[in-house]
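With CSV, C-alpha atoms inside, this is data.csv:
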```
chain,number,residue,atom,x,y,z
A,1,MET,CA,-9.5,-36.3,-83.0
A,2,ALA,CA,-9.0,-32.6,-82.7
A,3,ARG,CA,-10.8,-32.6,-79.3
A,4,GLY,CA,-8.6,-35.4,-77.9
A,5,LYS,CA,-5.5,-33.5,-78.9
A,6,LYS,CA,-6.8,-30.4,-77.3
A,7,ASN,CA,-7.4,-32.2,-74.0
A,8,ALA,CA,-3.9,-33.7,-74.0
A,9,ASP,CA,-2.4,-30.2,-74.5
A,10,ASN,CA,-4.5,-28.9,-71.6
A,11,THR,CA,-3.2,-31.7,-69.3
A,12,ILE,CA,0.4,-30.9,-70.3
A,13,ILE,CA,-0.1,-27.3,-69.5
A,14,LEU,CA,-1.6,-28.0,-66.0
A,15,MET,CA,1.2,-30.4,-65.2
A,16,GLY,CA,3.7,-27.8,-66.2
A,17,LEU,CA,2.0,-25.2,-64.0
A,18,PHE,CA,1.9,-27.7,-61.1
A,19,LEU,CA,5.6,-28.4,-61.4
A,20,LEU,CA,6.4,-24.7,-61.6
A,21,ALA,CA,4.3,-23.9,-58.5
A,22,GLY,CA,6.1,-26.8,-56.6
A,23,TYR,CA,9.5,-25.4,-57.7
A,24,VAL,CA,8.6,-21.9,-56.5
A,25,ILE,CA,7.4,-23.2,-53.1
A,26,TYR,CA,10.5,-25.3,-52.7
A,27,LYS,CA,12.8,-22.3,-53.5
A,28,SER,CA,10.8,-20.1,-51.1
A,29,LEU,CA,11.2,-22.6,-48.3
A,30,LEU,CA,14.9,-23.0,-48.9
A,31,GLN,CA,15.3,-19.2,-48.8
A,32,ALA,CA,13.2,-18.9,-45.6
A,33,ILE,CA,15.3,-21.6,-43.9
A,34,PHE,CA,18.4,-19.9,-45.1
A,35,TRP,CA,17.2,-16.5,-43.8
A,36,ILE,CA,16.2,-17.9,-40.5
A,37,LYS,CA,19.6,-19.6,-40.2
A,38,GLU,CA,21.4,-16.4,-41.0
A,39,ASN,CA,19.1,-14.3,-38.8
A,40,SER,CA,18.5,-16.7,-35.9
A,41,ASN,CA,19.1,-14.0,-33.2
A,42,VAL,CA,16.5,-11.7,-34.7
A,43,VAL,CA,13.9,-14.6,-34.9
A,44,LEU,CA,14.6,-15.6,-31.3
A,45,GLY,CA,14.3,-12.1,-30.1
A,46,SER,CA,11.1,-11.6,-31.9
A,47,LEU,CA,9.6,-14.8,-30.4
A,48,ILE,CA,10.7,-13.6,-26.9
A,49,LEU,CA,9.2,-10.2,-27.5
A,50,ILE,CA,5.9,-11.7,-28.7
A,51,ALA,CA,5.8,-14.1,-25.7
A,52,ALA,CA,6.5,-11.1,-23.4
A,53,VAL,CA,3.7,-9.1,-24.9
A,54,ILE,CA,1.2,-12.0,-24.6
A,55,PHE,CA,2.2,-12.5,-20.9
A,56,LEU,CA,1.8,-8.8,-20.1
A,57,LEU,CA,-1.6,-8.7,-21.8
A,58,LYS,CA,-2.8,-11.7,-19.8
A,59,TYR,CA,-1.3,-10.3,-16.6
A,60,PHE,CA,-3.1,-6.9,-16.9
A,61,LYS,CA,-6.3,-8.6,-17.9
A,62,HIS,CA,-6.2,-10.9,-14.8
A,63,LYS,CA,-5.3,-7.9,-12.6
A,64,THR,CA,-8.2,-5.9,-13.9
A,65,GLN,CA,-10.6,-8.8,-13.3
A,66,SER,CA,-9.1,-9.3,-9.8
A,67,ASP,CA,-9.5,-5.6,-9.0
A,68,GLN,CA,-13.1,-5.6,-10.2
A,69,ALA,CA,-13.9,-8.7,-8.2
A,70,GLU,CA,-12.3,-7.2,-5.1
A,71,LYS,CA,-14.2,-4.0,-5.6
A,72,GLU,CA,-17.5,-5.9,-6.0
A,73,LYS,CA,-16.7,-8.0,-2.9
A,74,GLN,CA,-16.0,-4.8,-0.9
A,75,LEU,CA,-19.3,-3.2,-2.1
A,76,GLU,CA,-21.1,-6.4,-1.2
A,77,LEU,CA,-19.6,-6.4,2.3
A,78,GLU,CA,-20.5,-2.7,2.8
A,79,ALA,CA,-24.1,-3.4,1.6
A,80,LYS,CA,-24.3,-6.4,4.0
A,81,LYS,CA,-22.9,-4.3,6.9
A,82,LEU,CA,-25.4,-1.5,6.1
A,83,LYS,CA,-28.3,-4.1,6.0
A,84,GLU,CA,-27.2,-5.5,9.4
A,85,ILE,CA,-27.1,-2.0,10.9
A,86,LEU,CA,-30.6,-1.3,9.5
A,87,ALA,CA,-31.9,-4.7,10.7
A,88,ASN,CA,-30.5,-4.1,14.2
A,89,LYS,CA,-32.0,-0.6,14.3
A,90,ARG,CA,-35.4,-2.1,13.2
A,91,LEU,CA,-35.2,-4.8,15.9
A,92,ARG,CA,-34.4,-2.3,18.5
A,93,ALA,CA,-37.3,-0.1,17.4
A,94,VAL,CA,-39.6,-3.2,17.5
A,95,ASP,CA,-38.4,-4.3,20.9
A,96,ALA,CA,-38.9,-0.8,22.3
A,97,PHE,CA,-42.4,-0.6,20.8
A,98,VAL,CA,-43.4,-4.0,22.2
A,99,GLU,CA,-42.3,-2.9,25.7
A,100,SER,CA,-44.2,0.3,25.5
A,101,GLN,CA,-47.8,1.2,26.4
A,102,ASP,CA,-48.6,1.7,22.7
A,103,TYR,CA,-48.3,-2.0,22.1
A,104,LYS,CA,-51.9,-2.2,23.6
A,105,LEU,CA,-53.1,-0.8,20.3
A,106,ILE,CA,-51.9,-4.0,18.6
A,107,GLU,CA,-53.3,-6.2,21.4
A,108,GLY,CA,-56.7,-4.5,21.1
A,109,TYR,CA,-56.8,-4.7,17.4
A,110,VAL,CA,-56.1,-8.4,17.4
A,111,THR,CA,-58.6,-9.1,20.1
A,112,LYS,CA,-61.3,-7.3,17.9
A,113,ASN,CA,-60.1,-9.0,14.7
A,114,PRO,CA,-59.0,-12.6,15.7
A,115,PHE,CA,-59.4,-13.9,12.2
A,116,GLU,CA,-57.7,-11.0,10.5
A,117,ILE,CA,-54.3,-12.1,9.2
A,118,ASN,CA,-53.5,-9.9,6.2
A,119,SER,CA,-54.6,-6.5,7.4
A,120,LYS,CA,-53.0,-4.2,4.7
A,121,HIS,CA,-56.3,-3.3,3.2
A,122,ASN,CA,-58.2,-3.1,6.5
A,123,SER,CA,-59.1,0.6,7.2
A,124,GLU,CA,-59.0,0.1,11.0
A,125,PHE,CA,-55.5,-1.4,10.7
A,126,LEU,CA,-54.3,1.5,8.5
A,127,LYS,CA,-55.5,4.0,11.0
A,128,MET,CA,-53.6,2.1,13.7
A,129,VAL,CA,-50.5,2.2,11.5
A,130,GLU,CA,-50.8,5.9,11.1
A,131,VAL,CA,-51.0,6.4,14.9
A,132,ILE,CA,-48.1,4.1,15.6
A,133,SER,CA,-45.9,5.5,12.9
A,134,PHE,CA,-46.4,9.0,14.3
A,135,ASP,CA,-44.3,8.2,17.4
A,136,TRP,CA,-42.3,5.1,16.3
A,137,ASP,CA,-39.8,4.5,13.5
A,138,LEU,CA,-41.8,1.5,12.2
A,139,ASP,CA,-43.0,0.9,8.6
A,140,ILE,CA,-46.2,-0.8,7.7
A,141,GLU,CA,-44.4,-4.2,7.1
A,142,SER,CA,-42.9,-4.1,10.6
A,143,ILE,CA,-46.3,-3.3,12.1
A,144,LEU,CA,-48.0,-6.0,10.1
A,145,GLU,CA,-45.4,-8.6,11.2
A,146,ILE,CA,-45.9,-7.5,14.9
A,147,THR,CA,-49.7,-7.9,14.4
A,148,ARG,CA,-49.3,-11.4,13.0
A,149,LEU,CA,-47.1,-12.4,15.8
A,150,GLU,CA,-49.6,-11.1,18.3
A,151,HIS,CA,-52.4,-12.9,16.5
A,152,SER,CA,-50.4,-16.2,16.8
A,153,ARG,CA,-49.7,-15.5,20.5
A,154,GLN,CA,-53.4,-14.8,21.4
A,155,LYS,CA,-54.6,-17.7,19.3
A,156,LYS,CA,-52.2,-20.0,21.2
A,157,ILE,CA,-53.2,-18.6,24.6
A,158,SER,CA,-56.9,-19.0,23.7
A,159,PHE,CA,-56.4,-22.5,22.5
A,160,LYS,CA,-54.6,-23.6,25.6
A,161,THR,CA,-57.2,-21.9,27.9
A,162,ASN,CA,-60.1,-23.6,26.1
A,163,LEU,CA,-58.5,-27.1,26.4
A,164,LYS,CA,-57.5,-26.6,30.0
A,165,LYS,CA,-61.1,-26.0,30.9
A,166,HIS,CA,-61.6,-29.8,30.3
A,167,ASN,CA,-58.8,-30.6,32.8
A,168,PRO,CA,-57.0,-33.0,30.5
A,169,ILE,CA,-54.0,-35.0,31.8
A,170,LEU,CA,-53.4,-37.9,29.5
A,171,TYR,CA,-52.8,-37.9,25.7
A,172,ASN,CA,-56.3,-39.1,24.8
A,173,GLU,CA,-57.9,-36.6,27.2
A,174,TYR,CA,-56.1,-33.8,25.3
A,175,LEU,CA,-57.4,-35.1,22.0
A,176,ASP,CA,-60.9,-35.5,23.4
A,177,ALA,CA,-60.8,-32.0,24.8
A,178,ALA,CA,-59.7,-30.6,21.4
A,179,LEU,CA,-62.6,-32.5,19.7
A,180,GLU,CA,-65.1,-31.3,22.3
A,181,GLN,CA,-64.0,-27.7,21.9
A,182,TYR,CA,-63.4,-27.5,18.1
A,183,GLY,CA,-65.2,-30.4,16.6
A,184,ASP,CA,-64.5,-30.8,12.8
A,185,ASN,CA,-62.4,-27.6,12.9
A,186,VAL,CA,-59.8,-29.3,15.1
A,187,THR,CA,-57.6,-29.7,11.9
A,188,ASP,CA,-57.2,-25.9,11.9
A,189,TYR,CA,-55.7,-26.1,15.3
A,190,LEU,CA,-53.5,-29.1,14.8
A,191,ASP,CA,-50.2,-27.2,14.9
A,192,LEU,CA,-51.2,-25.6,18.2
A,193,LEU,CA,-52.3,-28.9,19.6
A,194,HIS,CA,-49.0,-30.4,18.6
A,195,GLN,CA,-47.0,-27.6,20.3
A,196,LEU,CA,-49.1,-27.8,23.5
A,197,LEU,CA,-48.6,-31.6,23.8
A,198,ILE,CA,-44.9,-31.1,23.5
A,199,GLU,CA,-44.9,-28.3,26.0
A,200,GLU,CA,-46.8,-30.4,28.5
A,201,ASN,CA,-44.4,-33.3,27.9
A,202,ILE,CA,-47.3,-35.5,26.7
A,203,ILE,CA,-45.5,-36.4,23.5
A,204,ILE,CA,-41.9,-36.2,22.2
A,205,PRO,CA,-41.1,-33.5,19.6
A,206,GLN,CA,-40.5,-36.1,16.9
A,207,THR,CA,-44.1,-37.1,16.9
A,208,PRO,CA,-45.6,-36.0,13.6
A,209,PRO,CA,-48.8,-33.9,13.6
A,210,SER,CA,-50.3,-36.4,11.2
A,211,GLN,CA,-50.2,-39.1,13.9
A,212,ILE,CA,-52.1,-36.8,16.3
A,213,LEU,CA,-54.8,-36.1,13.7
A,214,ALA,CA,-55.1,-39.9,13.0
A,215,ASP,CA,-55.5,-40.6,16.7
A,216,ALA,CA,-58.0,-37.7,17.1
A,217,GLN,CA,-60.1,-39.0,14.2
A,218,ASN,CA,-60.0,-42.5,15.8
A,219,ILE,CA,-61.3,-41.1,19.1
A,220,ARG,CA,-64.0,-39.3,17.2
A,221,ARG,CA,-65.1,-42.5,15.4
A,222,VAL,CA,-65.2,-44.4,18.8
A,223,LYS,CA,-67.3,-41.6,20.4
A,224,LEU,CA,-69.7,-41.5,17.4
A,225,LYS,CA,-70.1,-45.3,17.6
A,226,GLU,CA,-70.8,-45.2,21.3
A,227,GLY,CA,-73.3,-42.4,20.8
A,228,LEU,CA,-75.2,-44.2,18.1
A,229,LYS,CA,-75.1,-47.4,20.2
A,230,LYS,CA,-76.4,-45.6,23.2
A,231,GLN,CA,-79.2,-44.1,21.1
A,232,LEU,CA,-80.3,-47.5,19.8
A,233,ILE,CA,-80.3,-49.3,23.2
A,234,SER,CA,-81.8,-46.4,25.3
A,235,GLU,CA,-85.5,-46.2,25.9
A,236,ARG,CA,-85.4,-42.5,25.2
A,237,SER,CA,-83.3,-41.2,22.4
A,238,GLU,CA,-80.0,-40.0,23.8
A,239,VAL,CA,-77.9,-37.8,21.4
A,240,ASP,CA,-74.5,-36.3,21.9
A,241,ILE,CA,-72.7,-33.7,19.9
A,242,TYR,CA,-70.9,-36.2,17.7
A,243,THR,CA,-74.2,-37.8,16.8
A,244,ILE,CA,-75.5,-34.4,15.8
A,245,ASP,CA,-72.4,-33.8,13.6
A,246,GLN,CA,-73.4,-36.8,11.5
A,247,MET,CA,-77.1,-35.8,11.1
A,248,SER,CA,-78.5,-34.3,7.9
A,249,PRO,CA,-79.7,-30.6,8.1
A,250,TYR,CA,-83.3,-31.9,8.2
A,251,GLN,CA,-82.6,-34.4,11.0
A,252,PHE,CA,-80.9,-31.6,13.0
A,253,GLU,CA,-83.8,-29.3,12.5
A,254,THR,CA,-86.2,-32.0,13.6
A,255,TYR,CA,-84.1,-32.8,16.6
A,256,ILE,CA,-84.0,-29.1,17.7
A,257,ALA,CA,-87.8,-28.9,17.3
A,258,ASN,CA,-88.3,-32.0,19.5
A,259,LEU,CA,-85.8,-30.6,22.0
A,260,TYR,CA,-87.9,-27.5,22.6
A,261,LYS,CA,-91.2,-29.5,22.4
A,262,ASN,CA,-90.0,-31.7,25.3
A,263,ASN,CA,-89.4,-28.5,27.3
A,264,GLY,CA,-93.0,-27.3,27.0
A,265,TYR,CA,-92.9,-25.2,23.8
A,266,ARG,CA,-95.5,-25.4,21.1
A,267,VAL,CA,-93.5,-26.1,18.0
A,268,GLU,CA,-94.2,-25.8,14.3
A,269,THR,CA,-91.6,-26.5,11.6
A,270,THR,CA,-91.6,-24.4,8.5
A,271,LYS,CA,-91.5,-25.6,4.9
A,272,ILE,CA,-88.2,-26.8,3.6
A,273,THR,CA,-88.4,-24.2,0.9
A,274,GLY,CA,-89.6,-20.7,1.4
A,275,ASP,CA,-89.1,-20.7,5.2
A,276,GLN,CA,-88.4,-16.9,5.2
A,277,GLY,CA,-85.4,-17.3,7.4
A,278,ALA,CA,-86.9,-19.5,10.1
A,279,ASP,CA,-86.6,-23.3,10.4
A,280,VAL,CA,-88.6,-23.7,13.6
A,281,VAL,CA,-91.3,-21.4,15.1
A,282,LEU,CA,-91.9,-21.7,18.9
A,283,GLU,CA,-94.6,-20.4,21.2
A,284,LYS,CA,-94.7,-20.4,25.0
A,285,PHE,CA,-96.4,-18.1,27.6
A,286,GLY,CA,-97.8,-16.0,24.7
A,287,GLU,CA,-94.4,-15.2,23.2
A,288,ARG,CA,-93.2,-16.3,19.8
A,289,PHE,CA,-89.7,-17.3,18.8
A,290,VAL,CA,-88.1,-18.1,15.5
A,291,ILE,CA,-85.1,-20.4,15.2
A,292,GLN,CA,-82.6,-20.6,12.4
A,293,VAL,CA,-80.7,-24.0,12.6
A,294,LYS,CA,-77.2,-24.3,11.0
A,295,LEU,CA,-75.5,-27.7,10.8
A,296,TYR,CA,-72.1,-26.5,9.7
A,297,SER,CA,-68.5,-27.8,9.6
A,298,SER,CA,-67.1,-24.2,9.8
A,299,PRO,CA,-68.0,-21.1,11.9
A,300,VAL,CA,-71.4,-19.5,11.2
A,301,GLY,CA,-71.2,-16.0,9.8
A,302,ASN,CA,-73.4,-12.9,9.5
A,303,LYS,CA,-75.9,-14.3,7.0
A,304,ALA,CA,-77.6,-16.5,9.5
A,305,VAL,CA,-78.1,-13.6,11.9
A,306,GLN,CA,-79.5,-11.5,9.0
A,307,GLU,CA,-81.9,-14.3,8.0
A,308,VAL,CA,-83.4,-14.7,11.5
A,309,CYS,CA,-83.7,-10.9,11.8
A,310,ALA,CA,-85.9,-11.0,8.6
A,311,ALA,CA,-87.9,-13.9,10.1
A,312,ILE,CA,-88.8,-12.0,13.3
A,313,LYS,CA,-90.7,-9.5,11.3
A,314,HIS,CA,-92.2,-12.0,8.9
A,315,TYR,CA,-93.5,-14.3,11.6
A,316,ASN,CA,-94.3,-11.5,14.0
A,317,ALA,CA,-92.0,-13.0,16.6
A,318,HIS,CA,-90.7,-11.5,19.8
A,319,GLN,CA,-87.2,-13.0,19.6
A,320,GLY,CA,-84.8,-14.7,17.1
A,321,ILE,CA,-82.4,-17.6,17.8
A,322,VAL,CA,-79.6,-19.2,15.8
A,323,ILE,CA,-78.4,-22.6,16.8
A,324,THR,CA,-75.4,-24.4,15.4
A,325,ASN,CA,-73.3,-27.5,16.1
A,326,ASN,CA,-70.2,-25.2,15.4
A,327,TYR,CA,-69.3,-21.7,16.5
A,328,PHE,CA,-70.0,-18.2,15.4
A,329,THR,CA,-67.6,-15.7,13.8
A,330,PRO,CA,-66.8,-12.5,15.8
A,331,SER,CA,-68.7,-10.4,13.2
A,332,ALA,CA,-71.8,-12.6,13.6
A,333,ARG,CA,-71.6,-12.2,17.4
A,334,GLU,CA,-71.3,-8.5,17.0
A,335,LEU,CA,-74.3,-8.3,14.7
A,336,SER,CA,-76.3,-10.5,17.0
A,337,ILE,CA,-75.7,-8.1,19.9
A,338,SER,CA,-76.8,-5.0,18.0
A,339,ASN,CA,-80.0,-6.9,16.8
A,340,GLN,CA,-80.7,-8.7,20.1
A,341,ILE,CA,-80.4,-12.2,18.5
A,342,THR,CA,-79.6,-15.2,20.8
A,343,LEU,CA,-76.8,-17.3,19.5
A,344,ILE,CA,-76.4,-20.9,20.7
A,345,ASP,CA,-73.0,-22.4,19.7
A,346,ARG,CA,-71.5,-25.9,20.1
A,347,ASN,CA,-70.7,-25.6,23.8
A,348,GLN,CA,-74.2,-24.2,24.7
A,349,LEU,CA,-75.8,-26.9,22.5
A,350,LYS,CA,-73.9,-29.6,24.4
A,351,ALA,CA,-75.3,-28.2,27.7
A,352,MET,CA,-78.8,-28.3,26.3
A,353,ILE,CA,-78.8,-31.9,25.1
```

If you took the structure in this file and wrote it as structure tokens, what would it be?
Amino acid sequence: MARGKKNADNTIILMGLFLLAGYVIYKSLLQAIFWIKENSNVVLGSLILIAAVIFLLKYFKHKTQSDQAEKEKQLELEAKKLKEILANKRLRAVDAFVESQDYKLIEGYVTKNPFEINSKHNSEFLKMVEVISFDWDLDIESILEITRLEHSRQKKISFKTNLKKHNPILYNEYLDAALEQYGDNVTDYLDLLHQLLIEENIIIPQTPPSQILADAQNIRRVKLKEGLKKQLISERSEVDIYTIDQMSPYQFETYIANLYKNNGYRVETTKITGDQGADVVLEKFGERFVIQVKLYSSPVGNKAVQEVCAAIKHYNAHQGIVITNNYFTPSARELSISNQITLIDRNQLKAMI
């Protein structure tokens, strides 16, 4: 009973405090309204002053940002102008160098290194850069770019010269010439073939390189089929270069052995394993020859030349020969000259068969 009375008393006290707070707030609002009414000019002036201050703050902030943006824009324009001046200076230096006699240094380097594209770590290239930089205001990046352009130029000229040897006139004749010259590696020269066909007005520029590749592959299949058919119906086994491309390494080795045998050589083939660098050993007129046979889809490198050099000593031979259905890298050719090794590449093999 006492607890209920105590709770009732607390409720009455809270209600009283609530009413008192409401009354105080009400009186305060009335006084504020009265004060604003009596001092309306002061209030209006204060509001105007606050609005003016806010406006000025925003104005100066915007002006500062605009000035900063204008300053950055000016700096960017000056940097761009300086970059253009430097670029024009660099172009003038490059043009002058290309027209000079010193450009033969680049031409000679590319001729000796036809497969060298990134030359930054090539000692010969760095020596050339040192010589050129002595007389010309060109950095290593500019000289490297010039070297790459010369590489592309020489590769394009060489490609066109090689194809023109076959006297192509029609579209299929150009593709056939490319296949004859480069075999399976023709895909590496597809862009050059595409450019040449456009230059010779054989195709329109919109023709995709993928179409040219598909047509070349189709010609290759037809030639292979014709070669196999000719081989089957002929009394003597006739083989062309495309037939050889489809042989296994052992078939190619046997074919080369028979080729020399039919030309009066005494031939012996070596064991498949442990051949000591020779696939075929020949004898004729008292002289002994060792042959390393390479059925490759890419150019043959130094290793083949090194192997046949070892075979000469092992078989007590007078001469070493490397035969491939592909081509040889420049370094392999250089090594063969210094070691007096005979290299027979795709073109020479076609003449032999």

Inset, instruction - Write out as number ranges by chain the residues lying within 8 Å of range 159-165 of chain A, counting all atoms listed in the file and excluding same-chain residues fewer than 5 positions away. - result: A: 174, 177-178, 181, 192, 196

Just-selected residues, C-alpha atoms written as a short mmCIF file (atom, residue, chain, number, x, y, z; two decimals), keeping the file's coordinate frame:
```cif
data_model
loop_
_atom_site.label_atom_id
_atom_site.label_comp_id
_atom_site.auth_asym_id
_atom_site.auth_seq_id
_atom_site.Cartn_x
_atom_site.Cartn_y
_atom_site.Cartn_z
CA TYR A 174 -56.10 -33.80 25.30
CA ALA A 177 -60.80 -32.00 24.80
CA ALA A 178 -59.70 -30.60 21.40
CA GLN A 181 -64.00 -27.70 21.90
CA LEU A 192 -51.20 -25.60 18.20
CA LEU A 196 -49.10 -27.80 23.50
#
```

Legend entry - Close residues, Val280 in chain A itself excluded, 8 Å, all atoms listed in the file, min 5 positions apart in chain, as a list of chain:residue names: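 After dropping sequence-adjacent residues, the list is A:Glu253, A:Ala257, A:Val267, A:Glu268, A:Thr269, A:Thr270, A:Val290, A:Ile291, A:Gln292, A:Val293.
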
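Taking all atoms listed in the file into account, the polymer residues that have an atom no farther than 12 Å from (-51.5, -1.0, 21.9) are Phe97, Val98, Glu99, Ser100, Gln101, Asp102, Tyr103, Lys104, Leu105, Ile106, Glu107, Gly108, Tyr109, Val110, Thr111, Phe125, Met128, Val129, Val131, Ile132, Ile143, Ile146, Thr147 and Glu150 of chain A.
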
Inset, instruction - Quick one: everything within 6 Å of Lys284 in chain A, counting only C-alpha atoms, minus sequence neighbours fewer than 2 positions away in the same chain. Send it as a PyMOL selection string. - result: chain A and resi 265+286-287

Inset, instruction - Pick out the closest residue to Arg221 in chain A from this set: A:Ala311, A:Leu179, A:Val94, A:Leu138. Count all atoms listed in the file. - result: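 Answer, going by the shortest atom-to-atom distance: A:Leu179.
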
Inset, instruction - Could you tell me how far CA of Arg288 in chain A lies from CA of His318 in chain A, in Å and to one decimal? - result: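 So the answer is 5.4 Å.
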
Legend entry - Distance in Å - CA of Asp67 in chain A versus CA of Ala51 in chain A: 24.2 Å
